[in-house]
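Participant: File coords.txt follows (compact mmCIF, C-alpha atoms):
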# COMPACT_ATOMS: atom_id res chain seq x y z
CA MET A 1 80.85 122.74 80.17
CA GLU A 2 79.52 121.84 76.72
CA LEU A 3 80.29 118.97 74.35
CA ARG A 4 79.03 116.67 71.61
CA ILE A 5 79.77 112.96 71.55
CA ASP A 6 78.64 109.84 69.70
CA ARG A 7 75.85 108.08 71.56
CA THR A 8 77.57 104.66 71.47
CA GLU A 9 80.84 106.01 72.87
CA PHE A 10 79.00 108.01 75.53
CA ALA A 11 76.91 105.04 76.68
CA ASP A 12 79.92 102.73 76.67
CA ALA A 13 82.02 105.11 78.80
CA VAL A 14 79.19 105.67 81.28
CA GLY A 15 78.43 101.95 81.47
CA ARG A 16 82.05 100.97 82.15
CA ALA A 17 82.59 103.66 84.78
CA ALA A 18 79.27 102.82 86.46
CA ARG A 19 80.68 99.39 87.39
CA ALA A 20 82.49 101.15 90.24
CA LEU A 21 79.32 102.68 91.69
CA PRO A 22 78.37 101.28 95.12
CA GLY A 23 75.02 99.55 95.54
CA ARG A 24 74.41 101.46 98.77
CA THR A 25 76.53 104.11 100.42
CA PRO A 26 76.17 106.53 103.35
CA VAL A 27 78.13 109.03 101.25
CA PRO A 28 75.68 110.34 98.59
CA VAL A 29 78.36 111.85 96.33
CA LEU A 30 79.85 108.36 95.77
CA GLY A 31 76.69 107.55 93.84
CA GLY A 32 77.77 110.09 91.25
CA LEU A 33 79.80 109.81 88.06
CA LEU A 34 82.45 112.47 87.50
CA LEU A 35 82.43 113.86 83.93
CA GLU A 36 85.48 115.87 82.84
CA ALA A 37 85.56 117.48 79.38
CA GLY A 38 88.60 118.99 77.71
CA ALA A 39 91.08 118.76 74.82
CA GLY A 40 88.86 116.71 72.50
CA ARG A 41 87.87 114.08 75.02
CA LEU A 42 85.40 113.23 77.76
CA ALA A 43 86.54 111.27 80.83
CA VAL A 44 83.95 109.48 83.00
CA THR A 45 84.98 108.27 86.47
CA GLY A 46 83.24 106.11 89.08
CA PHE A 47 84.67 105.65 92.58
CA ASP A 48 83.64 104.09 95.90
CA PHE A 49 86.93 103.82 97.89
CA GLU A 50 87.33 100.12 96.96
CA ALA A 51 87.53 100.68 93.19
CA ALA A 52 88.02 103.56 90.77
CA VAL A 53 87.24 103.28 87.04
CA ARG A 54 88.10 106.01 84.54
CA VAL A 55 87.07 105.74 80.88
CA GLU A 56 87.94 108.24 78.15
CA ALA A 57 86.11 108.82 74.86
CA ASP A 58 86.52 111.20 71.92
CA ALA A 59 84.28 114.26 72.05
CA GLU A 60 83.88 117.70 70.47
CA VAL A 61 84.37 119.95 73.48
CA THR A 62 83.08 123.49 73.09
CA ALA A 63 83.57 124.48 76.72
CA PRO A 64 85.71 122.39 79.08
CA GLY A 65 84.56 121.67 82.59
CA ARG A 66 83.73 119.15 85.30
CA VAL A 67 80.42 117.96 86.72
CA LEU A 68 79.21 115.26 89.14
CA VAL A 69 75.98 113.62 87.97
CA PRO A 70 73.86 110.92 89.69
CA GLY A 71 75.37 107.77 88.18
CA ARG A 72 72.40 105.39 88.07
CA ARG A 73 70.16 108.06 86.57
CA LEU A 74 72.71 108.92 83.87
CA LEU A 75 73.13 105.21 83.11
CA ASP A 76 69.36 104.86 82.67
CA VAL A 77 69.34 107.88 80.35
CA CYS A 78 72.12 106.42 78.20
CA ARG A 79 70.15 103.19 77.74
CA VAL A 80 67.24 105.02 76.07
CA LEU A 81 69.10 107.70 74.11
CA PRO A 82 68.44 107.65 70.34
CA ASP A 83 71.36 106.79 68.06
CA GLY A 84 73.48 109.62 66.72
CA PRO A 85 75.31 112.59 68.26
CA VAL A 86 74.59 113.52 71.87
CA GLY A 87 74.86 117.06 73.20
CA CYS A 88 75.74 117.67 76.86
CA VAL A 89 75.56 121.07 78.55
CA LEU A 90 76.04 122.21 82.14
CA GLU A 91 73.83 125.18 82.96
CA GLY A 92 74.18 126.22 86.57
CA SER A 93 73.21 123.18 88.66
CA ARG A 94 71.45 121.43 85.79
CA PHE A 95 73.12 118.96 83.40
CA THR A 96 71.30 118.52 80.09
CA VAL A 97 71.64 115.56 77.72
CA GLU A 98 70.01 115.88 74.30
CA ALA A 99 69.88 113.59 71.24
CA ASP A 100 67.62 113.66 68.15
CA GLY A 101 64.97 115.86 69.77
CA THR A 102 64.97 113.97 73.07
CA ARG A 103 66.08 116.05 76.04
CA PHE A 104 66.91 115.02 79.62
CA GLY A 105 67.64 117.38 82.49
CA LEU A 106 69.58 116.00 85.46
CA SER A 107 70.39 117.56 88.79
CA THR A 108 74.04 117.64 89.82
CA LEU A 109 75.85 116.64 93.00
CA PRO A 110 78.24 118.89 94.99
CA LEU A 111 81.58 118.48 93.24
CA ALA A 112 83.52 119.95 96.18
CA GLU A 113 82.44 117.00 98.37
CA TYR A 114 83.63 114.34 95.92
CA PRO A 115 86.82 112.60 97.13
CA SER A 116 89.76 112.49 94.76
CA PRO A 117 89.88 109.05 93.06
CA PRO A 118 93.30 107.36 93.11
CA GLY A 119 95.16 106.95 89.85
CA PRO A 120 96.38 103.47 88.90
CA PRO A 121 100.01 102.66 89.73
CA ALA A 122 102.57 102.75 86.94
CA PRO A 123 102.48 99.52 84.86
CA ASP A 124 104.85 96.73 85.92
CA GLY A 125 103.99 94.37 83.07
CA THR A 126 101.37 93.20 80.58
CA VAL A 127 99.08 90.23 80.02
CA ASP A 128 96.83 89.31 77.10
CA ALA A 129 93.42 90.90 77.73
CA ALA A 130 91.32 87.96 76.50
CA ALA A 131 93.35 85.38 78.40
CA PHE A 132 93.19 87.51 81.56
CA ALA A 133 89.41 87.98 81.36
CA THR A 134 88.92 84.24 80.85
CA ALA A 135 91.26 83.33 83.71
CA VAL A 136 89.58 85.70 86.17
CA ALA A 137 86.15 84.29 85.29
CA GLN A 138 87.42 80.73 85.75
CA VAL A 139 88.71 81.26 89.28
CA ALA A 140 86.22 83.86 90.57
CA VAL A 141 83.43 81.24 90.73
CA ALA A 142 85.30 79.61 93.65
CA ALA A 143 85.51 82.80 95.73
CA GLY A 144 83.27 83.15 98.77
CA ARG A 145 80.27 85.49 98.97
CA ASP A 146 80.26 85.94 102.74
CA ASP A 147 81.49 89.46 103.49
CA THR A 148 82.08 88.52 107.13
CA LEU A 149 85.04 86.47 105.85
CA PRO A 150 86.65 89.03 103.48
CA LEU A 151 89.78 86.92 102.97
CA LEU A 152 87.74 84.22 101.21
CA THR A 153 85.96 86.74 98.95
CA GLY A 154 89.21 87.51 97.15
CA VAL A 155 91.20 86.33 94.18
CA GLN A 156 94.89 85.93 94.86
CA LEU A 157 97.16 87.32 92.16
CA ARG A 158 100.72 85.99 92.11
CA LEU A 159 103.37 87.21 89.67
CA ASP A 160 106.57 85.21 89.46
CA GLY A 161 108.93 85.80 86.55
CA GLY A 162 106.96 85.26 83.35
CA GLU A 163 104.03 83.52 85.02
CA MET A 164 100.81 84.84 86.54
CA THR A 165 98.77 82.62 88.87
CA LEU A 166 95.19 83.43 89.88
CA SER A 167 93.52 81.47 92.67
CA ALA A 168 90.36 81.60 94.82
CA SER A 169 88.73 79.45 97.49
CA ASP A 170 85.64 79.46 99.72
CA ARG A 171 86.86 76.43 101.78
CA TYR A 172 84.70 73.97 99.80
CA ARG A 173 86.45 74.49 96.46
CA TYR A 174 89.71 75.91 95.21
CA ALA A 175 90.29 77.14 91.63
CA VAL A 176 93.73 77.91 90.18
CA ARG A 177 94.64 79.24 86.74
CA ARG A 178 98.10 80.02 85.33
CA LEU A 179 98.85 82.16 82.29
CA GLU A 180 101.73 83.99 80.66
CA TRP A 181 102.79 87.35 82.07
CA LYS A 182 105.32 89.79 80.57
CA PRO A 183 107.00 91.85 83.31
CA GLU A 184 108.67 95.18 82.63
CA ALA A 185 112.44 95.18 83.04
CA ALA A 186 112.16 97.77 85.82
CA ALA A 187 109.74 95.56 87.79
CA GLY A 188 112.56 93.33 89.01
CA ASP A 189 112.63 89.59 89.49
CA GLY A 190 110.85 89.32 92.86
CA VAL A 191 107.60 87.48 93.51
CA VAL A 192 104.50 89.66 93.94
CA GLU A 193 101.44 88.27 95.72
CA THR A 194 98.30 90.31 96.35
CA LEU A 195 94.67 89.61 97.24
CA LEU A 196 91.92 91.44 95.34
CA PRO A 197 88.13 91.46 95.85
CA ALA A 198 86.79 88.84 93.41
CA ARG A 199 83.66 90.73 92.34
CA ARG A 200 85.61 93.90 91.66
CA LEU A 201 88.30 92.05 89.75
CA LEU A 202 85.70 90.27 87.65
CA ASP A 203 84.04 93.59 86.77
CA ALA A 204 87.43 95.08 85.90
CA ALA A 205 88.39 92.16 83.67
CA ARG A 206 85.09 92.39 81.78
CA SER A 207 85.31 96.16 81.29
CA LEU A 208 88.89 96.06 80.02
CA GLY A 209 87.76 94.36 76.83
CA ARG A 210 88.82 91.28 74.93
CA GLY A 211 91.47 92.75 72.62
CA GLY A 212 95.06 93.81 73.05
CA ASN A 213 96.93 93.76 76.33
CA VAL A 214 96.20 94.73 79.93
CA ARG A 215 98.92 96.70 81.71
CA ILE A 216 99.10 95.90 85.42
CA GLY A 217 100.88 97.80 88.17
CA TRP A 218 100.81 97.59 91.95
CA GLU A 219 101.49 99.55 95.09
CA PRO A 220 102.07 97.25 98.09
CA GLY A 221 100.48 97.83 101.44
CA GLY A 222 97.89 95.16 102.26
CA GLY A 223 94.45 96.75 102.64
CA GLY A 224 95.98 100.15 101.92
CA GLY A 225 97.66 99.14 98.66
CA LEU A 226 96.42 99.30 95.09
CA VAL A 227 96.57 97.26 91.91
CA GLY A 228 95.94 99.12 88.67
CA PHE A 229 94.74 97.83 85.30
CA GLU A 230 94.92 99.75 82.01
CA SER A 231 93.65 98.72 78.59
CA GLY A 232 92.96 101.12 75.75
CA ARG A 233 91.29 104.13 77.31
CA THR A 234 90.00 102.37 80.43
CA ARG A 235 91.89 102.55 83.72
CA THR A 236 90.88 100.75 86.91
CA ALA A 237 92.41 100.87 90.40
CA LEU A 238 91.39 98.27 93.02
CA ARG A 239 92.08 98.42 96.75
CA LEU A 240 93.81 95.30 98.11
CA LEU A 241 92.40 92.96 100.75
CA ASP A 242 94.47 92.00 103.77
CA GLY A 243 95.87 88.49 104.13
CA ARG A 244 96.58 85.64 101.75
CA LEU A 245 94.88 82.38 100.87
CA PRO A 246 96.18 79.11 102.35
CA SER A 247 98.51 77.12 100.12
CA TYR A 248 96.89 74.67 97.73
CA THR A 249 100.02 72.57 97.08
CA SER A 250 99.13 69.73 99.45
CA LEU A 251 95.44 69.89 98.53
CA PHE A 252 96.25 69.35 94.87
CA ASP A 253 98.39 66.29 95.64
CA MET A 254 96.05 63.51 94.50
CA ALA A 255 98.36 60.51 94.91
CA GLY A 256 96.44 57.24 94.64
CA ALA A 257 93.37 58.84 93.08
CA ALA A 258 91.16 57.10 90.54
CA VAL A 259 90.95 58.98 87.25
CA ALA A 260 87.74 59.46 85.25
CA GLU A 261 87.18 61.23 81.94
CA VAL A 262 83.87 62.41 80.53
CA ALA A 263 82.47 64.86 77.97
CA ARG A 264 82.20 68.17 79.80
CA GLU A 265 79.04 69.62 78.22
CA ASP A 266 77.21 66.28 78.40
CA LEU A 267 78.01 65.98 82.10
CA ALA A 268 76.94 69.56 82.81
CA GLU A 269 73.63 69.07 80.99
CA ALA A 270 73.02 65.80 82.85
CA VAL A 271 73.66 67.49 86.21
CA ARG A 272 71.17 70.25 85.35
CA ARG A 273 68.61 67.66 84.28
CA VAL A 274 68.69 65.32 87.26
CA ALA A 275 69.09 68.09 89.85
CA VAL A 276 65.58 69.43 89.16
CA VAL A 277 64.15 66.81 91.54
CA ALA A 278 66.67 67.51 94.30
CA GLU A 279 65.86 69.59 97.36
CA ALA A 280 67.92 72.70 98.08
CA ASN A 281 71.53 71.78 98.84
CA SER A 282 70.87 68.09 98.12
CA PRO A 283 73.74 66.37 96.30
CA VAL A 284 73.93 64.74 92.91
CA ARG A 285 75.54 61.30 92.99
CA LEU A 286 77.95 60.15 90.28
CA ASP A 287 78.72 56.43 90.00
CA PHE A 288 81.73 55.85 87.73
CA SER A 289 82.37 52.32 86.50
CA ALA A 290 85.45 50.79 84.89
CA GLY A 291 83.03 49.28 82.39
CA GLY A 292 82.88 52.66 80.62
CA SER A 293 79.78 54.30 82.06
CA LEU A 294 78.70 56.97 84.51
CA ARG A 295 75.34 56.98 86.25
CA LEU A 296 74.00 60.22 87.74
CA ARG A 297 71.29 60.16 90.38
CA ALA A 298 69.47 62.81 92.44
CA GLY A 299 66.47 62.98 94.75
CA TYR A 300 64.93 60.81 97.46
CA GLY A 301 62.00 58.40 97.73
CA ASP A 302 59.67 58.64 94.76
CA ASP A 303 61.11 62.00 93.59
CA VAL A 304 64.22 60.78 91.82
CA ALA A 305 66.00 61.19 88.49
CA ALA A 306 68.84 59.29 86.84
CA GLN A 307 70.84 59.38 83.62
CA ARG A 308 73.71 57.38 82.15
CA LEU A 309 76.67 58.78 80.20
CA PRO A 310 79.73 57.18 78.61
CA ALA A 311 82.85 57.75 80.71
CA THR A 312 86.19 56.09 81.39
CA LEU A 313 87.60 55.14 84.80
CA SER A 314 91.08 53.93 85.68
CA GLY A 315 92.65 53.13 89.03
CA ALA A 316 89.48 51.56 90.48
CA ASP A 317 86.69 49.21 89.43
CA GLU A 318 84.05 51.69 90.57
CA MET A 319 83.99 55.12 92.18
CA PRO A 320 80.85 56.56 93.79
CA VAL A 321 81.00 60.29 94.67
CA ALA A 322 78.46 63.04 95.26
CA PHE A 323 78.65 66.81 94.88
CA ASN A 324 76.67 69.94 95.51
CA PRO A 325 75.16 70.37 92.00
CA ALA A 326 75.67 74.15 91.91
CA TYR A 327 79.35 73.79 92.82
CA LEU A 328 79.84 71.01 90.28
CA LEU A 329 78.19 73.08 87.54
CA ASP A 330 80.34 76.10 88.40
CA ALA A 331 83.42 73.92 88.06
CA LEU A 332 82.36 72.33 84.78
CA THR A 333 81.33 75.59 83.11
CA SER A 334 84.61 77.25 84.10
CA PHE A 335 86.40 74.99 81.60
CA GLU A 336 86.39 75.41 77.82
CA SER A 337 87.72 72.00 76.79
CA PRO A 338 85.43 69.33 75.26
CA ARG A 339 86.32 66.82 77.98
CA VAL A 340 87.30 66.98 81.65
CA ARG A 341 89.42 64.68 83.78
CA LEU A 342 88.40 64.06 87.39
CA GLU A 343 90.88 62.74 89.95
CA LEU A 344 88.77 61.12 92.67
CA LEU A 345 89.71 59.98 96.18
CA GLY A 346 86.22 58.85 97.20
CA ALA A 347 83.10 60.05 99.01
CA GLY A 348 83.68 62.94 101.37
CA GLN A 349 87.15 63.58 99.98
CA ARG A 350 88.76 65.86 97.42
CA ALA A 351 88.14 65.75 93.67
CA LEU A 352 90.36 67.63 91.22
CA LEU A 353 89.13 68.64 87.76
CA HIS A 354 91.43 69.28 84.78
CA ALA A 355 90.82 70.19 81.16
CA VAL A 356 91.40 67.50 78.54
CA PRO A 357 92.33 69.29 75.28
CA GLY A 358 90.74 68.19 72.02
CA ASP A 359 92.56 66.23 69.35
CA GLY A 360 95.33 68.13 67.58
CA GLU A 361 95.85 70.78 70.26
CA ALA A 362 99.49 71.59 70.81
CA ASP A 363 101.22 70.80 74.11
CA ALA A 364 98.24 68.98 75.55
CA SER A 365 99.80 68.36 78.95
CA ALA A 366 100.53 72.05 79.49
CA GLU A 367 97.06 73.07 78.34
CA ALA A 368 95.43 70.56 80.68
CA GLY A 369 97.44 71.78 83.68
CA GLU A 370 96.92 75.54 83.37
CA HIS A 371 93.46 75.48 84.99
CA ARG A 372 92.50 73.24 87.90
CA HIS A 373 89.42 73.22 90.10
CA LEU A 374 89.26 71.35 93.41
CA LEU A 375 85.90 70.29 94.89
CA MET A 376 85.03 68.62 98.16
CA SER A 377 82.68 65.72 97.58
CA VAL A 378 79.75 65.05 99.90
CA LYS A 379 80.38 62.50 102.64
CA GLU A 380 76.88 61.02 102.72
CA LEU A 381 75.90 59.57 99.36
CA VAL A 382 72.31 59.78 98.13
Give the structure from the file, written as structure tokens.
Facilitator:
Amino acid sequence: MELRIDRTEFADAVGRAARALPGRTPVPVLGGLLLEAGAGRLAVTGFDFEAAVRVEADAEVTAPGRVLVPGRRLLDVCRVLPDGPVGCVLEGSRFTVEADGTRFGLSTLPLAEYPSPPGPPAPDGTVDAAAFATAVAQVAVAAGRDDTLPLLTGVQLRLDGGEMTLSASDRYRYAVRRLEWKPEAAAGDGVVETLLPARRLLDAARSLGRGGNVRIGWEPGGGGGLVGFESGRTRTALRLLDGRLPSYTSLFDMAGAAVAEVAREDLAEAVRRVAVVAEANSPVRLDFSAGGSLRLRAGYGDDVAAQRLPATLSGADEMPVAFNPAYLLDALTSFESPRVRLELLGAGQRALLHAVPGDGEADASAEAGEHRHLLMSVKELV
């Protein structure tokens, strides 16, 4: 195996494929990246049974071949390679990477022990890559991190006609985002609902880029099924989680709620500011007033902080609520609009956040409803 490739393309392919490498694994070969050279291209693959990522790049291939190289080590090498063309050669059990007089020799892993990575299913439709990456990031913040509850670590993907819905919940919050989806004619008109690991899906959305379209296909089967994503020369296959999230329909019914509006970035900055005096997991209190103001407070005793912001409130004369500051910041930063609307039921009850589009944006009601984030407020106010 021998080839020459541009340093930027080589580093990009290795970096994208390395997203599939496991942090720890009892199977040493899964820590390797599979490099396959042939027909004017280099393909780099990472795989750990839960995810497979394959990235192709143009290369001048003198001798085709395949090699399995320690992935983290190759990634470190790519980060320090000089700019310009990179030469790669396999000599026996040694893989050499050379650029501008700098030479690295890497040991190889036993290729015969490497399991065959699954290919992504045939595409069943497309979605805008930038919109998809944004939507995944917006809902993934609400997914749980506790691996003992795998159901709550997932993002639910629902495809229904021309609409895609992404949702995630860790029991204390529930984020939902809708966006346009263009199904293939052969995909049929049925509803598809799958649950994907949130961290893996977030990595996949980031690696697929921000331009063009993402082609998505699926193979049903619960924990044995796959969902595949293709964009440009990057292909990712993710193993499905078992189960489905509970319905959010009744949770998002906020009949009788008071409604507040406030500048999103100003509120986020105020939360960061006053929360510095709060103990771990201590709430930040928000006192909305129909007089047009919002007072934020955090801390206890002499260690306290407060700030006032302009805000509007309708449906009540006043509305005191309190939130975990980290959860509230996650919710606020998941939006892109200049202002947010909060539907509030009171202390210890649900609060639903919507985007409020800026002046002149088309179809404001639709824009405001495409992303919603539900938070549970703290029962005991500070």
Participant: With distances taken over all atoms listed in the file, which residue among A:Leu68, A:Leu159, A:Leu374, A:Val77 lies nearest Ala175 of chain A?
Facilitator: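 Among A:Leu68, A:Leu159, A:Leu374, A:Val77, it is A:Leu374 that comes nearest to Ala175 of chain A.
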Participant: With only C-alpha atoms as the basis for distance, which of A:Asp253, A:Glu36, A:Glu98, A:Glu180 is at the shortest distance from Ala131 of chain A?
Facilitator: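 Among the listed residues, the smallest separation from Ala131 of chain A belongs to A:Glu180.
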Participant: In the coordinate frame of the file, compute which residues have an atom within 9 Å of (97.1, 58.1, 94.4) when using only C-alpha atoms, and state them as an MDAnalysis selection string.
Facilitator: chainID A and resid 253:258 315 343 345
Participant: In Å to one decimal, how far is atom CA of Leu201 of chain A from atom CA of Ala51 of chain A?
Facilitator: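 Separation between atom CA of Ala51 of chain A and atom CA of Leu201 of chain A: 9.3 Å.
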Participant: Can you pull out every residue within 9 Å of Tyr327 of chain A, counting only C-alpha atoms, but drop anything in the same chain fewer than 3 positions away, and send it as an MDAnalysis selection string?
Facilitator: chainID A and resid 141:142 172:173 323:324 330:332 375
Participant: Could those selected residues go to a file with C-alpha atoms, as a compact mmCIF listing (two decimals), in the coordinates of the input?
Facilitator:
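Done, and the output landed in again.txt:
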# COMPACT_ATOMS: atom_id res chain seq x y z
CA VAL A 141 83.43 81.24 90.73
CA ALA A 142 85.30 79.61 93.65
CA TYR A 172 84.70 73.97 99.80
CA ARG A 173 86.45 74.49 96.46
CA PHE A 323 78.65 66.81 94.88
CA ASN A 324 76.67 69.94 95.51
CA ASP A 330 80.34 76.10 88.40
CA ALA A 331 83.42 73.92 88.06
CA LEU A 332 82.36 72.33 84.78
CA LEU A 375 85.90 70.29 94.89
Participant: So which residues touch Val259 of chain A within 6 Å, counting all atoms listed in the file, skipping near sequence neighbours fewer than 2 positions away, as a ChimeraX atom specification?
Facilitator: /A:313-314,342-343
Participant: Find the residues near Val356 of chain A: any atom within 7 Å, counting only C-alpha atoms, skip ones fewer than 2 places away on the same chain, and give them as a ChimeraX atom specification.
Facilitator: /A:337,339-341,354,358,368
Participant: Determine, counting only C-alpha atoms, which protein, DNA and RNA residues have an atom within 12 Å of an atom of Ala18 of chain A; residues of the same chain fewer than 6 positions away are not included. Present the result as a ChimeraX atom specification.
Facilitator: /A:11-12,30-35,44-48,51-55,69-76,78,203-204,207,236
Participant: For each of A:Leu151, A:Ala39, A:Leu157, A:Val139, take the minimum atom-to-atom distance to Glu370 of chain A, counting only C-alpha atoms, then give the residue where this is smallest.
Facilitator: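 Among the listed residues, the smallest separation from Glu370 of chain A belongs to A:Val139.
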Participant: Could you pull the residues within 7 Å of segment 271-275 of chain A, counting only C-alpha atoms, minus those fewer than 5 positions along the same chain, as a PyMOL selection string?
Facilitator: chain A and resi 284+297-298+305-306+325
Participant: Counting only C-alpha atoms, which residue out of A:Met164, A:Val276, A:Ala59, A:Leu90 sits closest to Leu42 of chain A?
Facilitator: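 Looking at the shortest contact to Leu42 of chain A, the residue is A:Ala59.
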Participant: Would you give me, as a tab-separated table, each residue of segment 137-220 of chain A having an atom within 10 Å of an atom of segment 102-125 of chain A, along with its shortest atom pair and that distance in Å to one decimal, using only C-alpha atoms and sorting by chain and residue number?
Facilitator:
residue	atom	partner	partner_atom	distance
A:Leu159	CA	A:Gly125	CA	9.8
A:Gly162	CA	A:Gly125	CA	9.6
A:Trp181	CA	A:Gly125	CA	7.2
A:Lys182	CA	A:Gly125	CA	5.4
A:Pro183	CA	A:Gly125	CA	3.9
A:Glu184	CA	A:Gly125	CA	4.8
A:Ala185	CA	A:Asp124	CA	8.3
A:Ala186	CA	A:Asp124	CA	7.4
A:Ala187	CA	A:Asp124	CA	5.4
A:Gly188	CA	A:Asp124	CA	9.0
A:Asn213	CA	A:Gly125	CA	9.8
A:Val214	CA	A:Gly125	CA	8.4
A:Arg215	CA	A:Pro123	CA	5.5
A:Ile216	CA	A:Pro123	CA	5.0
A:Gly217	CA	A:Pro123	CA	4.1
A:Trp218	CA	A:Pro121	CA	5.6
A:Glu219	CA	A:Pro121	CA	6.4
Participant: Work out how far atom CA of Thr25 of chain A is from atom CA of Val155 of chain A, in Å to one decimal.
Facilitator: 23.9 Å
Participant: Rank nothing, just name the residue among A:Val80, A:Leu245, A:Ala129, A:Cys88 nearest to Thr153 of chain A, using all atoms listed in the file.
Facilitator: A:Leu245
Participant: To one decimal place in Å, what is the distance between atom CA of Thr312 of chain A and atom CA of Glu265 of chain A?
Facilitator: 15.6 Å
Participant: Got a moment to write segment 285-323 of chain A out with C-alpha atoms, as a short mmCIF file (atom, residue, chain, number, x, y, z; two decimals), in the first residue's frame?
Facilitator:
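So decode28.cif came out as:
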data_model
loop_
_atom_site.label_atom_id
_atom_site.label_comp_id
_atom_site.auth_asym_id
_atom_site.auth_seq_id
_atom_site.Cartn_x
_atom_site.Cartn_y
_atom_site.Cartn_z
CA ARG A 285 -35.20 32.39 40.98
CA LEU A 286 -37.01 34.46 38.35
CA ASP A 287 -39.71 36.89 39.51
CA PHE A 288 -41.75 38.13 36.54
CA SER A 289 -43.99 41.15 37.06
CA ALA A 290 -46.83 42.51 34.94
CA GLY A 291 -45.20 45.89 35.45
CA GLY A 292 -42.64 44.98 32.77
CA SER A 293 -39.68 43.68 34.74
CA LEU A 294 -37.93 40.46 35.68
CA ARG A 295 -35.81 40.07 38.79
CA LEU A 296 -33.27 37.23 38.99
CA ARG A 297 -31.92 36.08 42.34
CA ALA A 298 -29.51 33.34 43.47
CA GLY A 299 -27.71 32.34 46.65
CA TYR A 300 -28.51 32.22 50.36
CA GLY A 301 -27.74 34.36 53.42
CA ASP A 302 -25.03 36.90 52.74
CA ASP A 303 -23.87 35.17 49.52
CA VAL A 304 -26.50 36.44 47.13
CA ALA A 305 -26.76 38.09 43.72
CA ALA A 306 -29.61 39.79 41.89
CA GLN A 307 -30.26 41.52 38.57
CA ARG A 308 -33.24 43.14 36.89
CA LEU A 309 -34.18 42.87 33.21
CA PRO A 310 -37.06 44.26 31.14
CA ALA A 311 -39.67 41.60 30.40
CA THR A 312 -43.38 41.35 29.68
CA LEU A 313 -45.91 39.19 31.52
CA SER A 314 -49.52 38.47 30.63
CA GLY A 315 -52.07 36.20 32.28
CA ALA A 316 -50.94 37.00 35.84
CA ASP A 317 -49.89 39.99 37.92
CA GLU A 318 -46.72 38.24 39.02
CA MET A 319 -45.09 34.86 38.46
CA PRO A 320 -42.25 33.57 40.66
CA VAL A 321 -40.42 30.47 39.36
CA ALA A 322 -37.02 28.89 39.91
CA PHE A 323 -34.86 26.65 37.73
#
